[in-house]
Each structure stands twice: as C-alpha cells, then as structure tokens.
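Asks: Structure below; questions to follow.
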Amino acid sequence: MHELAVTQSILDISLRHAQKADAKRITAINLVIGRFSSIVDDSVQFYWDAIAEGTIAQGATLHFQRIPGEMTCRACGHIFQPDDVTFACPACSSLSVRITKGDEFRVDSIDVE
Amino acid sequence: MTTRVPVVEKILSANDRMAARNRETLDRAGLYAINIMASPGAGKTSLILKTLESLNGRLRLGVVEGDLASSIDADRAAAAGLPAVQINTGGDCHLDAAMLADALIALPLAELDLVLVENVGNLICPANFQIGTHLNVLIASIPEGDDKPYKYPGMYRGVQALIVNKIDLLPHVPFDLEYFKRGVEVLNPGVITFLLSCKTGEGVNAWAEWLVRQVKDKKE
Ligand SMILES: Nc1nc2c(ncn2[C@@H]2O[C@H](COP(=O)(O)OP(=O)(O)O)[C@@H](O)[C@H]2O)c(=O)[nH]1
Ligand SMILES: [Mg+2]
Ligand SMILES: [Zn+2]
C-alpha cells in the first residue's frame with residue numbers, strides 16, 4: 001500500500017528536477033533500489049500512470065535498477081551476495097563480513113526532452 | 001532529443017525532512033521518543049504496558065497508537081493514566097512522519113518525558129520511513145523463528161535497539177539464539193539487544209532502566 005506514497009515522492013522529485021532543467025517532457029525515470037530497502041514493487045508503474053496524468057511526466061517509463069545485497073569478507077576480502085539463510089563468506093566461511101551494497105533507494109536520473 | 005538529467009535524491013527525502021521537523025518539535029519540548037516496530041503479534045502493545053508498569057511513575061509517558069489491529073484502546077490507556085492518541089493510518093502498512101506530526105499536536109507534550117509510538121505491525125517497510133523519533137526499536141519474538149534477520153534484513157538494519165521478546169517460550173520452540181545473533185551482528189554491528197518476556201516480566205526491568213538512562217542523558 002505504501003507504493004502510492006513512494007510513487008508520489010518519485011513524481012515530486014522528478015518534476016522538481018525537470019523544471020530546473022527547463023524540460024518539456026519527462027520520458028523516463030531511473031531508480032536505484034537496493035535489496036535492504038526493497039520496499040517497492042512494480043505496482044509503482046501502475047500508480048504512476050494514475051498520478052502522473054496531466055503532468056509533463058505523463059507516460060514516462062520507470063526503470064528499476066535493483067541492487068542485490070553485497071557483502072565483503074573482512075577475513076579474506078571476498079565479495080559475495082548473501083542468500084537468505086546465512087551471511088557467512090562462501091570462500092572462507094568467516095562470519096566477519098560487512099555490507100557494502102544494498103541500502104540504495106534513490107531517484108538516480110531522469111530522461112527529459 | 002532526449003537528455004539525461006542527474007538527480008541522485010533519496011526517494012523518501014520529503015518524509016525525511018518532515019521527520020526532522022518532528023524531531024525539532026520533540027526536542028523543543030524536551031521529550032524523548034521511540035518508534036516501536038515489529039511484525040503483528042510480536043508484543044508491541046505488551047511491551048508498552050510492561051514498560052509503563054516497570055517505570056512505575058519514574059517517567060511521564062505518552063503513547064501514539066498506529067496499530068489498529070491490537071492497540072491499547074482509549075479506555076485501557078486512560079485506566080493506566082496514559083495520554084494516548086490513535087493514528088488512523090487509513091490502511092497504510094507503516095507510519096510516516098506526517099502522521100506522527102498530527103499525533104504530536106494532540107498530545108500534552110509539555111507534561112511528558114517519553115513518547116512511545118506503536119508502529120503498524122509489519123516487518124517489511126516501517127524502518128524505511130523515518131518518523132523523527134530518537135530511537136527506532138525492533139521487537140523480534142521467539143515464535144517468529146530465528147531466521148528473520150536473514151529474511152527481512154532491511155528492518156534489522158534500520159534500528160538502534162533490538163528487543164527479543166517471548167523468551168519464556170525458548171524451551172518450547174526451536175530457536176537458535178546464536179544463529180539469530182550472528183545475522184543481527186552482520187546487519188547491525190553492536191546494536192544494543194534486550195532479551196525479555198512481557199509475560200513473565202523477565203528482563204523488562206533492564207530495558208526500562210536503560211530507557212530511563214537514555215531520557216536522562218538527553219535532558220542533560
Ligand atoms: N508467551 C508470551 N506471550 C506474549 C509475550 N508478550 C506478548 N505475548 C502475547 O502475544 C500476543 C500479541 O501481543 P501484542 O502485544 O498484542 O502484540 P502486537 O501486535 O505486537 O502489539 C498476545 O496474546 C500477548 O499476550 C511474551 O513475552 N510471552
Ligand atoms: Mg499492538
Ligand atoms: Zn572470506
């Protein structure tokens with residue numbers, strides 16, 4: 001249900017930046033969504049078609065770049081994507097790992113005319 | 001011709017700004033506020049009532065109820081001497097900063113030390129929506145299983161304190177506490193953790209004492 005609120009935020013941000021760039025039309029929105037903040041699904045596009053109507057972002061396509069969780073092993077330096085059962089390093093079994101990707105949740109860019 | 005305009009802005013930046021405003025409101029009133037998040041049935045309402053009992057008048061509490069499913073109803077709160085505000089989330093799966101802003105207006109802030117906010121029962125998204133509280137707390141409970149940090153990493157990342165509730169059930173339910181803690185340690189290194197039972201009361205005092213210290217430290 002929060003997808004509606006998220007969609008509204010994406011629209012507000014996109015319109016503000018489009019206006020600054022003197023754009024006539026927004027054709028695409030490029031989103032970056034990490035695994036650890038993966039709180040949006042594709043229903044955003046559905047809401048988009050409703051709330052962007054009548055704005056210069058009407059008809060824009062939403063591109064989701066999904067970033068999987070990424071961890072880096074402190075012991076051996078191995079970089080891996082954890083599964084949802086264990087966070088142990090698959091190379092050396094160390095449990096001393098840190099998260100290096102996956103918190104992203106941003107509007108990265110917009111394509112305008 | 002199409003051109004690409006860089007934006008690089010957090011999707012929830014408007015909510016974050018509103019949350020910052022809530023924080024100012026709370027700070028001006030000299031209040032400490034915590035945001036209690038958990039899946040439905042983990043023990044949010046129970047923890048609020050147990051905390052009230054354990055504090056035994058040492059702090060003046062206010063409650064913001066965002067969980068319609070199992071809330072402290074107005075009568076129960078009044079009986080306990082608690083000013084309480086119910087947020088109507090309109091079916092939303094989390095509280096956001098604007099909702100808390102409305103609720104704070106309805107509370108007698110000047111007469112309180114601590115505000116406990118019960119978020120909507122949900123393990124997916126509440127931690128993504130800052131509401132302006134000083135502390136985000138996640139309650140995990142034993143019957144939910146020991147794999148939740150691995151399945152719902154986002155929630156475990158977004159909190160500053162973790163409560164493991166229903167430890168009275170440890171003898172009856174398979175739950176590997178070490179496995180659970182290993183996942184938490186990766187997601188949120190060093191996060192302060194309280195093991196307790198709202199049923200037997202075990203561990204509740206340690207949590208309440210810690211809370212009193214947070215409130216005092218903030219006032220100084
Ligand atoms: N065994 C046990 N049950 C508990 C404990 N804490 C809460 N409960 C029970 O769990 C259920 C849900 O609690 P509640 O506080 O309403 O959860 P909420 O949905 O997170 O607010 C209730 O039936 C409580 O009595 C506990 O420490 N041990
Ligand atoms: Mg409840
Ligand atoms: Zn390794």
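Each chain in the structure tokens gets a letter, A, B and so on, in the order shown; residues start at 1 in every chain, and ligands are counted from 1 in the order they appear.
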Go through chain B and flag each residue having an atom no more than 10 Å from ligand 1; for those, report the closest pair of atoms plus their distance in Å to one decimal, using only C-alpha atoms and all ligand atoms, ordered by chain and rising number, as CSV.

Replies:
residue,atom,partner,partner_atom_place_in_ligand_line,distance
B:Ile36,CA,ligand 1,20 (O),8.9
B:Met37,CA,ligand 1,20 (O),7.9
B:Ala38,CA,ligand 1,20 (O),6.1
B:Ser39,CA,ligand 1,20 (O),6.3
B:Pro40,CA,ligand 1,19 (O),4.2
B:Gly41,CA,ligand 1,19 (O),3.3
B:Ala42,CA,ligand 1,20 (O),4.1
B:Gly43,CA,ligand 1,15 (O),3.3
B:Lys44,CA,ligand 1,20 (O),3.7
B:Thr45,CA,ligand 1,15 (O),3.7
B:Ser46,CA,ligand 1,15 (O),3.6
B:Leu47,CA,ligand 1,15 (O),6.4
B:Ile48,CA,ligand 1,15 (O),8.0
B:Leu49,CA,ligand 1,15 (O),8.5
B:Lys50,CA,ligand 1,6 (N),9.3
B:Glu65,CA,ligand 1,21 (O),9.7
B:Gly66,CA,ligand 1,21 (O),10.0
B:Asp67,CA,ligand 1,21 (O),7.2
B:Leu68,CA,ligand 1,19 (O),9.1
B:Ala69,CA,ligand 1,19 (O),6.8
B:Ser70,CA,ligand 1,16 (O),5.1
B:Ser71,CA,ligand 1,21 (O),6.4
B:Ile72,CA,ligand 1,21 (O),8.5
B:Glu118,CA,ligand 1,21 (O),7.6
B:Asn119,CA,ligand 1,20 (O),8.9
B:Val120,CA,ligand 1,19 (O),8.4
B:Gly121,CA,ligand 1,19 (O),6.1
B:Asn122,CA,ligand 1,20 (O),9.2
B:Ile139,CA,ligand 1,20 (O),7.9
B:Ala140,CA,ligand 1,20 (O),9.4
B:Ser141,CA,ligand 1,27 (O),7.9
B:Ile142,CA,ligand 1,28 (N),8.5
B:Pro143,CA,ligand 1,1 (N),8.9
B:Val164,CA,ligand 1,27 (O),8.9
B:Asn165,CA,ligand 1,27 (O),5.2
B:Lys166,CA,ligand 1,27 (O),3.3
B:Ile167,CA,ligand 1,27 (O),6.2
B:Asp168,CA,ligand 1,28 (N),5.7
B:Leu169,CA,ligand 1,1 (N),5.8
B:Leu170,CA,ligand 1,1 (N),9.5
B:Leu195,CA,ligand 1,27 (O),9.7
B:Leu196,CA,ligand 1,27 (O),6.7
B:Ser197,CA,ligand 1,27 (O),3.4
B:Cys198,CA,ligand 1,27 (O),3.7
B:Lys199,CA,ligand 1,27 (O),4.2
B:Thr200,CA,ligand 1,27 (O),6.6
B:Gly201,CA,ligand 1,27 (O),7.5
B:Glu202,CA,ligand 1,27 (O),8.5
B:Gly203,CA,ligand 1,27 (O),9.9
B:Val204,CA,ligand 1,27 (O),9.7

Asks: Just asking: which residues within chain A are helix (DSSP H, G or I) according to DSSP, as a ChimeraX atom specification?

Replies: /A:3-20,35-37,43-51

Asks: Pick out the closest residue to chain A from this set: B:Leu187, B:Ala101, B:Leu82, B:Leu61. Count only C-alpha atoms.

Replies: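 Using only C-alpha atoms, chain A sits closest to B:Leu187.
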
Asks: Mind listing as a PyMOL selection string which residues of chain B are within 10 Å of chain A, counting only C-alpha atoms?

Replies: chain B and resi 1-15+91-96+124-128+147-158+179-180+182-189

Asks: Within 7 Å of ligand 3, counting only C-alpha atoms and all ligand atoms: which residues, as a VMD selection string?

Replies: chain A and resid 73 to 78 89 to 94

Asks: Per DSSP on the backbone, what are the strand (DSSP E or B) residues of range 9-53 of chain A, as a VMD selection string?

Replies: chain A and resid 26 to 34

Asks: Give me the residues within 12 Å of Arg58 in chain B as a VMD selection string, counting only C-alpha atoms and dropping any in the same chain fewer than 6 places off.

Replies: chain B and resid 51 to 52 112 to 114 208 to 209 211 to 213 215 to 216

Asks: How many Å separate CA of Thr193 in chain B from CA of Lys101 in chain A?

Replies: 24.6 Å

Asks: Enter the distance from CA of Pro68 in chain A to CA of Gln81 in chain A, in Å, rounded to one decimal.

Replies: 6.9 Å

Asks: Under the rule that only C-alpha atoms are counted, which of A:Lys24, A:Phe64, A:Ile79, A:Leu15 is the nearest residue to Ser43 in chain A?

Replies: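 So, comparing all the options, the nearest one is A:Phe64.
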
Asks: Tell me, as number ranges by chain, which residues lie within 10 Å of Val115 in chain B, counting only C-alpha atoms; anything in the same chain fewer than 4 positions away does not count.

Replies: B: 26, 31-35, 59-64, 83-84, 104, 107, 109, 133

Asks: Just to be explicit: take each residue in the selection above, keep N, CA, C and O atoms, and write the result as a CSV table (one decimal), in the first residue's frame.

Replies:
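For reference, part_28.csv as written:
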chain,number,residue,atom,x,y,z
B,26,LEU,N,9.9,17.6,19.2
B,26,LEU,CA,10.2,16.8,20.4
B,26,LEU,C,11.3,17.4,21.2
B,26,LEU,O,11.2,17.5,22.4
B,31,LEU,N,11.5,16.2,25.1
B,31,LEU,CA,11.0,14.9,25.1
B,31,LEU,C,11.9,13.9,24.4
B,31,LEU,O,12.7,14.2,23.5
B,32,TYR,N,11.8,12.6,24.9
B,32,TYR,CA,12.5,11.5,24.2
B,32,TYR,C,11.4,10.7,23.6
B,32,TYR,O,10.4,10.4,24.2
B,33,ALA,N,11.6,10.2,22.3
B,33,ALA,CA,10.5,9.4,21.7
B,33,ALA,C,11.1,8.2,21.1
B,33,ALA,O,12.2,8.2,20.5
B,34,ILE,N,10.4,7.1,21.1
B,34,ILE,CA,10.8,5.9,20.5
B,34,ILE,C,9.7,5.3,19.6
B,34,ILE,O,8.5,5.4,19.9
B,35,ASN,N,10.2,4.7,18.5
B,35,ASN,CA,9.4,4.1,17.5
B,35,ASN,C,9.5,2.6,17.6
B,35,ASN,O,10.5,2.1,17.3
B,59,LEU,N,8.9,8.1,34.8
B,59,LEU,CA,8.8,8.9,33.7
B,59,LEU,C,7.4,9.2,33.3
B,59,LEU,O,6.5,8.3,33.5
B,60,ARG,N,7.1,10.3,32.8
B,60,ARG,CA,5.7,10.6,32.4
B,60,ARG,C,5.6,10.2,30.9
B,60,ARG,O,6.2,10.7,30.0
B,61,LEU,N,4.7,9.2,30.7
B,61,LEU,CA,4.6,8.6,29.3
B,61,LEU,C,3.4,9.1,28.5
B,61,LEU,O,2.4,9.3,29.1
B,62,GLY,N,3.6,9.1,27.2
B,62,GLY,CA,2.5,9.3,26.3
B,62,GLY,C,2.6,8.2,25.2
B,62,GLY,O,3.7,7.7,25.0
B,63,VAL,N,1.5,7.8,24.7
B,63,VAL,CA,1.5,6.8,23.7
B,63,VAL,C,0.9,7.2,22.4
B,63,VAL,O,-0.2,7.9,22.4
B,64,VAL,N,1.5,6.9,21.3
B,64,VAL,CA,0.9,7.1,20.0
B,64,VAL,C,0.6,5.7,19.4
B,64,VAL,O,1.6,4.9,19.2
B,83,PRO,N,-1.8,9.4,28.6
B,83,PRO,CA,-2.4,10.1,27.4
B,83,PRO,C,-2.0,9.3,26.2
B,83,PRO,O,-0.9,9.0,25.9
B,84,ALA,N,-3.1,9.0,25.4
B,84,ALA,CA,-2.8,8.2,24.2
B,84,ALA,C,-3.6,8.8,23.0
B,84,ALA,O,-4.7,9.3,23.1
B,104,LEU,N,1.4,14.3,17.4
B,104,LEU,CA,2.1,15.1,18.4
B,104,LEU,C,1.3,16.3,18.8
B,104,LEU,O,1.3,16.7,20.0
B,107,LEU,N,-1.1,15.5,21.7
B,107,LEU,CA,-0.5,15.1,23.0
B,107,LEU,C,-0.1,16.3,23.8
B,107,LEU,O,0.4,17.3,23.3
B,109,LEU,N,2.5,17.6,25.2
B,109,LEU,CA,3.9,17.4,25.2
B,109,LEU,C,4.7,18.0,26.4
B,109,LEU,O,5.6,17.4,26.9
B,133,THR,N,11.6,10.1,15.6
B,133,THR,CA,11.8,9.6,17.0
B,133,THR,C,13.4,9.5,17.2
B,133,THR,O,14.1,9.4,16.2

Asks: Considering only C-alpha atoms and all ligand atoms, state which residue in the set B:Met99, B:Leu55, B:Val117, B:Ala20 is at the smallest distance from ligand 2.

Replies: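 Using only C-alpha atoms and all ligand atoms, the shortest distance to ligand 2 belongs to B:Val117.
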
Asks: Can you tell me how far CA of Phe175 in chain B sits from CA of Ile163 in chain B, in Å to one decimal?

Replies: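 Taking CA of Phe175 in chain B as the start and CA of Ile163 in chain B as the end point, the length is 15.1 Å.
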